[in-house]
file data39.pdb (PDB, C-alpha atoms)
ATOM      1  CA  MET A   1      90.336  98.618 127.505
ATOM      2  CA  SER A   2      89.032  95.832 129.728
ATOM      3  CA  CYS A   3      85.886  97.788 130.495
ATOM      4  CA  MET A   4      84.573 101.263 129.943
ATOM      5  CA  ASP A   5      86.677 103.895 131.685
ATOM      6  CA  GLU A   6      85.007 105.109 134.891
ATOM      7  CA  LYS A   7      85.418 108.687 133.701
ATOM      8  CA  LEU A   8      83.348 107.970 130.609
ATOM      9  CA  ALA A   9      80.583 106.654 132.811
ATOM     10  CA  VAL A  10      80.187 109.795 134.944
ATOM     11  CA  VAL A  11      81.155 112.756 132.742
ATOM     12  CA  GLN A  12      78.234 114.119 130.749
ATOM     13  CA  ALA A  13      80.158 115.031 127.615
ATOM     14  CA  CYS A  14      83.188 112.913 126.831
ATOM     15  CA  ILE A  15      84.859 110.986 124.052
ATOM     16  CA  GLY A  16      87.123 107.966 124.370
ATOM     17  CA  LEU A  17      89.709 107.071 121.721
ATOM     18  CA  PHE A  18      90.622 103.426 122.320
ATOM     19  CA  GLN A  19      93.115 101.046 120.755
ATOM     20  CA  GLU A  20      93.265  97.285 121.250
ATOM     21  CA  PRO A  21      89.890  97.091 123.033
ATOM     22  CA  TRP A  22      88.508  93.983 124.677
ATOM     23  CA  THR A  23      86.789  91.993 121.938
ATOM     24  CA  VAL A  24      84.895  88.717 121.740
ATOM     25  CA  ARG A  25      84.424  87.326 118.227
ATOM     26  CA  ASN A  26      85.423  90.756 116.899
ATOM     27  CA  LYS A  27      82.702  92.514 118.907
ATOM     28  CA  ILE A  28      83.751  95.084 121.516
ATOM     29  CA  LYS A  29      82.714  94.310 125.072
ATOM     30  CA  GLY A  30      82.708  96.224 128.352
ATOM     31  CA  VAL A  31      80.854  99.324 127.154
ATOM     32  CA  ASP A  32      77.463 100.445 128.456
ATOM     33  CA  SER A  33      75.724 101.513 125.247
ATOM     34  CA  ARG A  34      72.936 103.161 127.247
ATOM     35  CA  ARG A  35      75.303 106.005 128.160
ATOM     36  CA  GLY A  36      76.737 106.639 124.720
ATOM     37  CA  ASN A  37      77.568 105.337 121.271
ATOM     38  CA  LEU A  38      80.462 103.121 120.271
ATOM     39  CA  PHE A  39      81.892 103.393 116.765
ATOM     40  CA  TYR A  40      84.121 100.815 115.085
ATOM     41  CA  SER A  41      84.393  98.965 111.799
ATOM     42  CA  ASN A  42      81.917  96.150 111.274
ATOM     43  CA  ARG A  43      83.357  94.997 107.976
ATOM     44  CA  VAL A  44      83.721  91.225 107.896
ATOM     45  CA  ASN A  45      87.459  91.053 107.192
ATOM     46  CA  ASP A  46      88.530  93.796 109.605
ATOM     47  CA  LYS A  47      90.216  92.822 112.866
ATOM     48  CA  VAL A  48      88.923  95.436 115.297
ATOM     49  CA  ARG A  49      91.813  97.171 117.077
ATOM     50  CA  ALA A  50      90.434 100.718 117.322
ATOM     51  CA  CYS A  51      87.161 102.259 118.433
ATOM     52  CA  ILE A  52      85.664 105.551 119.602
ATOM     53  CA  TYR A  53      83.151 106.009 122.407
ATOM     54  CA  VAL A  54      80.985 109.156 122.349
ATOM     55  CA  SER A  55      78.652 110.015 125.214
ATOM     56  CA  LYS A  56      75.100 110.920 124.299
ATOM     57  CA  GLY A  57      75.652 114.558 125.237
ATOM     58  CA  ILE A  58      77.822 115.085 122.161
ATOM     59  CA  ASN A  59      76.683 115.357 118.558
ATOM     60  CA  ALA A  60      79.004 113.128 116.534
ATOM     61  CA  MET A  61      78.864 111.768 113.003
ATOM     62  CA  TYR A  62      80.567 108.455 112.270
ATOM     63  CA  LEU A  63      82.702 108.466 109.119
ATOM     64  CA  PRO A  64      82.631 104.822 107.974
ATOM     65  CA  GLN A  65      84.174 105.617 104.606
ATOM     66  CA  TYR A  66      87.413 106.575 106.388
ATOM     67  CA  SER A  67      87.304 103.855 109.052
ATOM     68  CA  THR A  68      88.928 100.411 109.199
ATOM     69  CA  GLY A  69      89.684  97.846 111.867
ATOM     70  CA  ASP A  70      92.751  99.900 112.864
ATOM     71  CA  LEU A  71      91.326 103.379 112.374
ATOM     72  CA  VAL A  72      88.016 104.967 113.376
ATOM     73  CA  ALA A  73      86.918 108.523 112.633
ATOM     74  CA  VAL A  74      84.012 110.665 113.830
ATOM     75  CA  LYS A  75      83.218 114.301 113.136
ATOM     76  CA  VAL A  76      81.986 116.854 115.679
ATOM     77  CA  GLU A  77      81.427 120.595 115.698
ATOM     78  CA  ILE A  78      83.593 122.979 117.716
ATOM     79  CA  GLU A  79      83.527 126.694 118.478
ATOM     80  CA  THR A  80      86.790 128.490 117.715
ATOM     81  CA  ALA A  81      88.010 132.069 117.474
ATOM     82  CA  ARG A  82      87.407 131.689 113.741
ATOM     83  CA  GLY A  83      83.811 130.591 114.232
ATOM     84  CA  ARG A  84      82.216 127.157 114.208
ATOM     85  CA  ARG A  85      84.437 124.494 112.665
ATOM     86  CA  GLU A  86      84.254 120.773 112.063
ATOM     87  CA  LEU A  87      86.700 118.548 113.926
ATOM     88  CA  VAL A  88      87.528 114.969 112.944
ATOM     89  CA  LEU A  89      88.540 112.809 115.912
ATOM     90  CA  VAL A  90      90.515 109.673 115.131
ATOM     91  CA  SER A  91      91.495 106.580 117.095
ATOM     92  CA  ALA A  92      94.363 104.812 115.346
ATOM     93  CA  TYR A  93      96.320 101.632 115.961
ATOM     94  CA  LEU A  94      99.564 101.365 114.010
ATOM     95  CA  PRO A  95     100.757  97.726 114.185
ATOM     96  CA  TYR A  96     104.407  97.336 115.139
ATOM     97  CA  ASP A  97     104.735  94.427 112.707
ATOM     98  CA  ALA A  98     103.158  96.157 109.698
ATOM     99  CA  ALA A  99     105.001  95.719 106.413
ATOM    100  CA  ASP A 100     104.938  99.480 105.760
ATOM    101  CA  LEU A 101     106.294 102.191 108.030
ATOM    102  CA  PRO A 102     103.737 104.542 109.634
ATOM    103  CA  PRO A 103     101.569 106.349 109.023
ATOM    104  CA  SER A 104      99.090 103.938 107.507
ATOM    105  CA  ARG A 105      97.689 104.689 104.087
ATOM    106  CA  GLU A 106      94.302 105.312 105.716
ATOM    107  CA  ILE A 107      95.713 108.022 107.989
ATOM    108  CA  ALA A 108      97.487 109.681 105.071
ATOM    109  CA  ASN A 109      94.258 109.702 103.045
ATOM    110  CA  LEU A 110      92.276 111.089 105.963
ATOM    111  CA  VAL A 111      94.795 113.875 106.575
ATOM    112  CA  ALA A 112      94.528 114.846 102.895
ATOM    113  CA  THR A 113      90.721 114.755 103.061
ATOM    114  CA  CYS A 114      90.647 116.979 106.146
ATOM    115  CA  GLU A 115      92.891 119.513 104.450
ATOM    116  CA  MET A 116      90.751 119.464 101.312
ATOM    117  CA  ASN A 117      87.537 120.029 103.303
ATOM    118  CA  SER A 118      89.034 122.492 105.826
ATOM    119  CA  TRP A 119      88.265 120.090 108.680
ATOM    120  CA  GLU A 120      90.359 120.213 111.824
ATOM    121  CA  LEU A 121      91.937 116.916 112.891
ATOM    122  CA  LEU A 122      92.838 115.309 116.219
ATOM    123  CA  VAL A 123      94.402 111.833 116.338
ATOM    124  CA  GLY A 124      94.975 109.603 119.359
ATOM    125  CA  ALA A 125      97.290 106.772 118.312
ATOM    126  CA  ASP A 126      99.011 103.717 119.632
ATOM    127  CA  ALA A 127     101.844 104.453 117.230
ATOM    128  CA  ASN A 128     104.301 101.720 118.251
ATOM    129  CA  ALA A 129     106.958 104.220 117.167
ATOM    130  CA  HIS A 130     109.889 105.748 119.039
ATOM    131  CA  HIS A 131     111.128 109.322 118.770
ATOM    132  CA  ILE A 132     112.539 111.848 121.194
ATOM    133  CA  ALA A 133     110.065 114.379 119.745
ATOM    134  CA  TRP A 134     107.398 112.719 121.915
ATOM    135  CA  SER A 135     109.833 111.772 124.700
ATOM    136  CA  SER A 136     110.661 108.204 123.716
ATOM    137  CA  ILE A 137     113.996 106.964 125.035
ATOM    138  CA  GLY A 138     115.391 106.660 121.516
ATOM    139  CA  VAL A 139     114.529 106.893 117.839
ATOM    140  CA  ASN A 140     113.659 104.117 115.405
ATOM    141  CA  ALA A 141     112.765 104.054 111.707
ATOM    142  CA  ARG A 142     109.034 104.022 112.459
ATOM    143  CA  GLY A 143     109.388 107.134 114.574
ATOM    144  CA  GLU A 144     111.515 108.976 112.028
ATOM    145  CA  VAL A 145     109.065 108.391 109.190
ATOM    146  CA  LEU A 146     106.009 109.214 111.320
ATOM    147  CA  LEU A 147     107.555 112.462 112.566
ATOM    148  CA  GLY A 148     108.451 113.382 108.985
ATOM    149  CA  PHE A 149     104.826 112.862 107.950
ATOM    150  CA  ILE A 150     103.529 114.961 110.866
ATOM    151  CA  CYS A 151     105.890 117.833 110.051
ATOM    152  CA  ALA A 152     105.303 117.653 106.291
ATOM    153  CA  ASN A 153     101.546 118.050 106.838
ATOM    154  CA  GLN A 154     101.971 120.909 109.337
ATOM    155  CA  LEU A 155     100.469 118.880 112.154
ATOM    156  CA  GLU A 156     101.481 119.280 115.779
ATOM    157  CA  ILE A 157     102.413 116.763 118.478
ATOM    158  CA  ILE A 158     100.243 117.430 121.536
ATOM    159  CA  ASN A 159     101.947 115.142 124.084
ATOM    160  CA  VAL A 160     103.081 116.981 127.231
ATOM    161  CA  GLY A 161     105.931 115.851 129.484
ATOM    162  CA  ASP A 162     107.897 112.614 129.408
ATOM    163  CA  LYS A 163     105.797 110.199 131.471
ATOM    164  CA  GLN A 164     105.797 106.747 129.888
ATOM    165  CA  THR A 165     102.590 105.636 128.193
ATOM    166  CA  PHE A 166     103.606 101.964 127.963
ATOM    167  CA  VAL A 167     104.871 100.102 131.015
ATOM    168  CA  ASN A 168     105.604  96.408 131.562
ATOM    169  CA  ARG A 169     108.203  94.400 133.467
ATOM    170  CA  ARG A 170     110.815  94.714 130.745
ATOM    171  CA  ARG A 171     110.551  98.284 129.608
ATOM    172  CA  LYS A 172     108.934 101.691 129.970
ATOM    173  CA  GLU A 173     108.392 103.789 126.865
ATOM    174  CA  VAL A 174     106.360 106.518 125.181
ATOM    175  CA  ILE A 175     104.708 104.995 122.106
ATOM    176  CA  ASP A 176     101.238 106.543 122.349
ATOM    177  CA  ILE A 177     100.908 109.980 120.806
ATOM    178  CA  THR A 178      98.290 112.644 120.234
ATOM    179  CA  PHE A 179      98.680 114.925 117.223
ATOM    180  CA  GLY A 180      96.535 117.172 115.064
ATOM    181  CA  THR A 181      96.093 120.442 113.236
ATOM    182  CA  SER A 182      97.248 123.651 114.892
ATOM    183  CA  VAL A 183      93.663 124.733 115.644
ATOM    184  CA  ALA A 184      92.896 121.374 117.287
ATOM    185  CA  ALA A 185      96.135 121.561 119.280
ATOM    186  CA  GLU A 186      95.207 125.002 120.606
ATOM    187  CA  LEU A 187      91.897 123.646 121.899
ATOM    188  CA  VAL A 188      93.441 120.759 123.850
ATOM    189  CA  THR A 189      94.142 121.456 127.524
ATOM    190  CA  CYS A 190      95.205 119.376 130.536
ATOM    191  CA  TRP A 191      96.860 116.637 128.447
ATOM    192  CA  HIS A 192      98.366 114.107 130.855
ATOM    193  CA  VAL A 193      99.172 110.448 131.363
ATOM    194  CA  SER A 194      97.196 108.946 134.239
ATOM    195  CA  ASP A 195      98.834 107.056 137.132
ATOM    196  CA  PHE A 196      95.745 104.846 137.386
ATOM    197  CA  LEU A 197      96.719 101.204 136.907
ATOM    198  CA  THR A 198      94.829  99.015 134.459
ATOM    199  CA  ILE A 199      95.238  95.452 133.240
ATOM    200  CA  SER A 200      96.680  96.916 130.028
ATOM    201  CA  HIS A 201     100.365  97.788 129.603
ATOM    202  CA  HIS A 202      99.225 101.136 128.215
ATOM    203  CA  ARG A 203      98.456 104.011 130.578
ATOM    204  CA  ARG A 204      95.374 106.111 130.054
ATOM    205  CA  ILE A 205      95.778 109.543 128.505
ATOM    206  CA  TYR A 206      93.326 112.309 129.380
ATOM    207  CA  PHE A 207      92.786 115.778 127.918
ATOM    208  CA  ASP A 208      90.037 118.369 127.575
ATOM    209  CA  ILE A 209      88.636 119.973 124.451
ATOM    210  CA  SER A 210      87.125 123.196 125.714
ATOM    211  CA  ALA A 211      85.334 124.123 122.487
ATOM    212  CA  LEU A 212      83.364 120.912 121.975
ATOM    213  CA  THR A 213      79.782 121.744 120.997
ATOM    214  CA  VAL A 214      77.144 120.118 123.204
ATOM    215  CA  GLY A 215      73.439 120.653 122.727
ATOM    216  CA  PRO A 216      70.427 119.653 120.632
ATOM    217  CA  LYS A 217      71.438 116.965 118.194
ATOM    218  CA  PRO A 218      71.426 118.273 114.606
ATOM    219  CA  PHE A 219      70.187 116.062 111.814
ATOM    220  CA  ARG A 220      69.753 116.021 108.064
ATOM    221  CA  ASN A 221      66.337 115.709 106.438
ATOM    222  CA  PRO A 222      66.898 113.965 103.059
ATOM    223  CA  ARG A 223      63.494 115.204 101.894
ATOM    224  CA  ARG A 224      64.872 118.745 101.956
ATOM    225  CA  THR A 225      67.898 117.909  99.844
ATOM    226  CA  SER A 226      68.565 120.440  97.106
ATOM    227  CA  TRP A 227      69.459 118.197  94.198
ATOM    228  CA  SER A 228      70.586 121.118  92.076
ATOM    229  CA  VAL A 229      73.124 122.005  94.788
ATOM    230  CA  PHE A 230      74.097 118.324  95.066
ATOM    231  CA  ASN A 231      74.677 117.965  91.313
ATOM    232  CA  ARG A 232      76.685 121.192  91.116
ATOM    233  CA  SER A 233      78.816 120.347  94.157
ATOM    234  CA  PHE A 234      79.440 116.784  93.024
ATOM    235  CA  SER A 235      80.449 117.973  89.554
ATOM    236  CA  GLU A 236      82.952 120.381  91.105
ATOM    237  CA  CYS A 237      84.434 117.736  93.422
ATOM    238  CA  TRP A 238      84.583 115.047  90.749
ATOM    239  CA  ALA A 239      85.688 117.224  87.848
ATOM    240  CA  ASP A 240      89.276 115.969  87.757
ATOM    241  CA  ASN A 241      88.601 112.342  88.673
ATOM    242  CA  GLY A 242      87.125 110.922  85.514
ATOM    243  CA  ASN A 243      90.088 108.774  84.546
ATOM    244  CA  VAL A 244      89.461 105.050  84.249
ATOM    245  CA  PRO A 245      91.397 103.152  86.974
ATOM    246  CA  ARG A 246      93.949 100.677  85.629
ATOM    247  CA  ASP A 247      94.925  98.645  88.698
ATOM    248  CA  ALA A 248      93.779  97.727  92.215
ATOM    249  CA  GLU A 249      95.478 100.705  93.848
ATOM    250  CA  SER A 250      93.933 103.224  91.462
ATOM    251  CA  ILE A 251      90.533 101.580  91.964
ATOM    252  CA  ASP A 252      90.866 102.053  95.739
ATOM    253  CA  ASP A 253      91.883 105.675  95.235
ATOM    254  CA  SER A 254      88.921 106.291  92.926
ATOM    255  CA  VAL A 255      86.485 104.735  95.405
ATOM    256  CA  GLU A 256      87.818 106.928  98.230
ATOM    257  CA  LYS A 257      87.607 110.065  96.091
ATOM    258  CA  LEU A 258      84.095 109.134  94.948
ATOM    259  CA  ASN A 259      82.953 108.607  98.553
ATOM    260  CA  SER A 260      84.451 111.934  99.557
ATOM    261  CA  ALA A 261      82.813 113.750  96.635
ATOM    262  CA  LEU A 262      79.401 112.201  97.368
ATOM    263  CA  LEU A 263      79.627 113.023 101.079
ATOM    264  CA  THR A 264      80.718 116.609 100.459
ATOM    265  CA  ALA A 265      77.941 117.146  97.917
ATOM    266  CA  PHE A 266      75.288 115.671 100.215
ATOM    267  CA  GLU A 267      76.404 117.765 103.216
ATOM    268  CA  LYS A 268      76.184 120.939 101.121
ATOM    269  CA  ALA A 269      72.828 119.995  99.583
ATOM    270  CA  CYS A 270      71.292 118.783 102.837
ATOM    271  CA  PRO A 271      72.678 120.930 105.677
ATOM    272  CA  LEU A 272      72.284 120.028 109.335
ATOM    273  CA  ILE A 273      69.212 121.360 111.130
ATOM    274  CA  THR A 274      68.164 121.179 114.783
ATOM    275  CA  ASN A 275      64.393 121.296 114.501
TER     276      ASN A 275
END

call {"tool": "encode", "arguments": {"input": "data39.pdb", "output": "structure tokens"}}
result
Amino acid sequence: MSCMDEKLAVVQACIGLFQEPWTVRNKIKGVDSRRGNLFYSNRVNDKVRACIYVSKGINAMYLPQYSTGDLVAVKVEIETARGRRELVLVSAYLPYDAADLPPSREIANLVATCEMNSWELLVGADANAHHIAWSSIGVNARGEVLLGFICANQLEIINVGDKQTFVNRRRKEVIDITFGTSVAAELVTCWHVSDFLTISHHRRIYFDISALTVGPKPFRNPRRTSWSVFNRSFSECWADNGNVPRDAESIDDSVEKLNSALLTAFEKACPLITN
């Protein structure tokens, strides 16, 4: 992303899921913040390789507790046949040289959190993984494991066609994928890889989400928080997580579960209002 996509500059309601953006001293450049909001990790030790742009016509909540330098998540509201639902949109960069095979631990945790909270999920990823399921020329270990994870969690691959998403002088390949829950997949239309040339080796991917809610921005008034509801909800969410962590991994897990429990309790105790 050398500069903000022209489409983001002219469309009233749009979201951009970017990987490997243009950064200077770990700050993203090339985005006109007057037209929208840019979300990415600002933690000191994170190398920023993912971000999400949201135009000001869309009500979006940043989820910093689930975001890292390689993964950014925001939550929006959508209208579906089942009523109004919450949709988590994710921009993910999966490094080709990572020690572990994809998905990242952060994506796995976020998928579990979305299932627990009945949130829909839509992920745009530079997966650096090959599989014929998304029209790569071949299959590698990264692709096999990632596809297994997608299938095991009943997610769906949304890519359409076989146009390459990565093109340079040496090779052409499909390594960028879009996947999500079945409800999210049903809402995506017009998914396609653009022919527009950029200075990046990655081609732009466009799609529409017809059910995205646009309108007055809802907000939470902390002064109206029902602390009895908060305490009851937090107790329910945290009931089975009272064990004392014994190592670094269990500490990380406990922190993530605590953040999720606190957020869920607060959202129930202090619902969104529009006036």

call {"tool": "resolve_selection", "arguments": {"input": "data39.pdb", "expression": "the PyMOL selection byres ((chain A and resi 141-148) around 10)", "output": "short mmCIF file (atom, residue, chain, number, x, y, z; two decimals) with C-alpha atoms, in the frame of the given file"}}
result
data_model
loop_
_atom_site.label_atom_id
_atom_site.label_comp_id
_atom_site.auth_asym_id
_atom_site.auth_seq_id
_atom_site.Cartn_x
_atom_site.Cartn_y
_atom_site.Cartn_z
CA LEU A 94 99.56 101.36 114.01
CA TYR A 96 104.41 97.34 115.14
CA ASP A 100 104.94 99.48 105.76
CA LEU A 101 106.29 102.19 108.03
CA PRO A 102 103.74 104.54 109.63
CA PRO A 103 101.57 106.35 109.02
CA SER A 104 99.09 103.94 107.51
CA ALA A 127 101.84 104.45 117.23
CA ASN A 128 104.30 101.72 118.25
CA ALA A 129 106.96 104.22 117.17
CA HIS A 130 109.89 105.75 119.04
CA HIS A 131 111.13 109.32 118.77
CA ILE A 132 112.54 111.85 121.19
CA ALA A 133 110.06 114.38 119.74
CA TRP A 134 107.40 112.72 121.92
CA SER A 136 110.66 108.20 123.72
CA GLY A 138 115.39 106.66 121.52
CA VAL A 139 114.53 106.89 117.84
CA ASN A 140 113.66 104.12 115.40
CA PHE A 149 104.83 112.86 107.95
CA ILE A 150 103.53 114.96 110.87
CA CYS A 151 105.89 117.83 110.05
CA ALA A 152 105.30 117.65 106.29
CA ASN A 153 101.55 118.05 106.84
CA GLN A 154 101.97 120.91 109.34
CA LEU A 155 100.47 118.88 112.15
CA GLU A 156 101.48 119.28 115.78
CA ILE A 157 102.41 116.76 118.48
CA ILE A 175 104.71 105.00 122.11
#

call {"tool": "resolve_selection", "arguments": {"input": "data39.pdb", "expression": "the PyMOL selection byres ((chain A and resi 182) around 9)", "output": "MDAnalysis selection string"}}
result
chainID A and resid 120:121 154:156 180:181 183:187

call {"tool": "write_last_selection", "arguments": {"input": "data39.pdb", "atoms": "C-alpha atoms", "output": "PDB file, in the frame of the given file"}}
result
ATOM      1  CA  GLU A 120      90.359 120.213 111.824  1.00  0.00           C
ATOM      2  CA  LEU A 121      91.937 116.916 112.891  1.00  0.00           C
ATOM      3  CA  GLN A 154     101.971 120.909 109.337  1.00  0.00           C
ATOM      4  CA  LEU A 155     100.469 118.880 112.154  1.00  0.00           C
ATOM      5  CA  GLU A 156     101.481 119.280 115.779  1.00  0.00           C
ATOM      6  CA  GLY A 180      96.535 117.172 115.064  1.00  0.00           C
ATOM      7  CA  THR A 181      96.093 120.442 113.236  1.00  0.00           C
ATOM      8  CA  VAL A 183      93.663 124.733 115.644  1.00  0.00           C
ATOM      9  CA  ALA A 184      92.896 121.374 117.287  1.00  0.00           C
ATOM     10  CA  ALA A 185      96.135 121.561 119.280  1.00  0.00           C
ATOM     11  CA  GLU A 186      95.207 125.002 120.606  1.00  0.00           C
ATOM     12  CA  LEU A 187      91.897 123.646 121.899  1.00  0.00           C
TER      13      LEU A 187
END

call {"tool": "residues_around", "arguments": {"input": "data39.pdb", "residues": "Glu106 (chain A)", "least_positions_apart": "6", "cutoff": "10 Å", "atoms": "all atoms listed in the file", "output": "ChimeraX atom specification"}}
result
/A:66-68,70-72,92,112

call {"tool": "atom_distance", "arguments": {"input": "data39.pdb", "atom1": "CA of Ile158 (chain A)", "atom2": "CA of Trp191 (chain A)"}}
result
7.7 Å

call {"tool": "atom_distance", "arguments": {"input": "data39.pdb", "atom1": "CA of Ser41 (chain A)", "atom2": "CA of Leu17 (chain A)"}}
result
13.9 Å

call {"tool": "residues_around", "arguments": {"input": "data39.pdb", "residues": "Thr178 (chain A)", "least_positions_apart": "4", "cutoff": "8 Å", "atoms": "all atoms listed in the file", "output": "list in words"}}
result
Leu122, Val123, Gly124, Ala125, Ile157, Ile158 and Asn159 of chain A

call {"tool": "atom_distance", "arguments": {"input": "data39.pdb", "atom1": "CA of Ala73 (chain A)", "atom2": "CA of Ser91 (chain A)"}}
result
6.7 Å

call {"tool": "closest_residue", "arguments": {"input": "data39.pdb", "among": "A:Ile209, A:Leu38, A:Ala108, A:Val160", "to": "Leu87 (chain A)", "atoms": "only C-alpha atoms"}}
result
A:Ile209

call {"tool": "closest_atom_pairs", "arguments": {"input": "data39.pdb", "of": "region 18-111 of chain A", "to": "region 218-227 of chain A", "cutoff": "12 Å", "atoms": "only C-alpha atoms", "output": "CSV"}}
result
residue,atom,partner,partner_atom,distance
A:Ile58,CA,A:Pro218,CA,10.4
A:Asn59,CA,A:Pro218,CA,7.2
A:Ala60,CA,A:Pro218,CA,9.4
A:Met61,CA,A:Phe219,CA,9.8
A:Val76,CA,A:Pro218,CA,10.7
A:Glu77,CA,A:Pro218,CA,10.3

call {"tool": "resolve_selection", "arguments": {"input": "data39.pdb", "expression": "the PyMOL selection byres ((chain A and resi 56) around 7)", "output": "PyMOL selection string"}}
result
chain A and resi 35-37+54-55+57-58

call {"tool": "closest_residue", "arguments": {"input": "data39.pdb", "among": "A:Val88, A:Ile205, A:Leu197, A:Leu258", "to": "Phe18 (chain A)", "atoms": "only C-alpha atoms"}}
result
A:Ile205

call {"tool": "axis_aligned_box", "arguments": {"input": "data39.pdb", "around": "region 149-153 of chain A", "padding_each_side": "4 Å", "output": "JSON"}}
result
{"center_x": 103.7, "center_y": 115.5, "center_z": 108.6, "size_x": 12.3, "size_y": 13.2, "size_z": 12.6}

call {"tool": "closest_residue", "arguments": {"input": "data39.pdb", "among": "A:Phe166, A:Phe39, A:Phe196, A:Phe230", "to": "Ile52 (chain A)", "atoms": "all atoms listed in the file"}}
result
A:Phe39

call {"tool": "closest_residue", "arguments": {"input": "data39.pdb", "among": "A:Ala269, A:Ile15, A:Ile107, A:Val193", "to": "Asp176 (chain A)", "atoms": "only C-alpha atoms"}}
result
A:Val193

call {"tool": "residues_around", "arguments": {"input": "data39.pdb", "residues": "His201 (chain A)", "least_positions_apart": "4", "cutoff": "10 Å", "atoms": "all atoms listed in the file", "output": "ChimeraX atom specification"}}
result
/A:165-169,172,197

call {"tool": "closest_residue", "arguments": {"input": "data39.pdb", "among": "A:Pro245, A:Ala239, A:Glu86, A:Asp252", "to": "Asn117 (chain A)", "atoms": "only C-alpha atoms"}}
result
A:Glu86
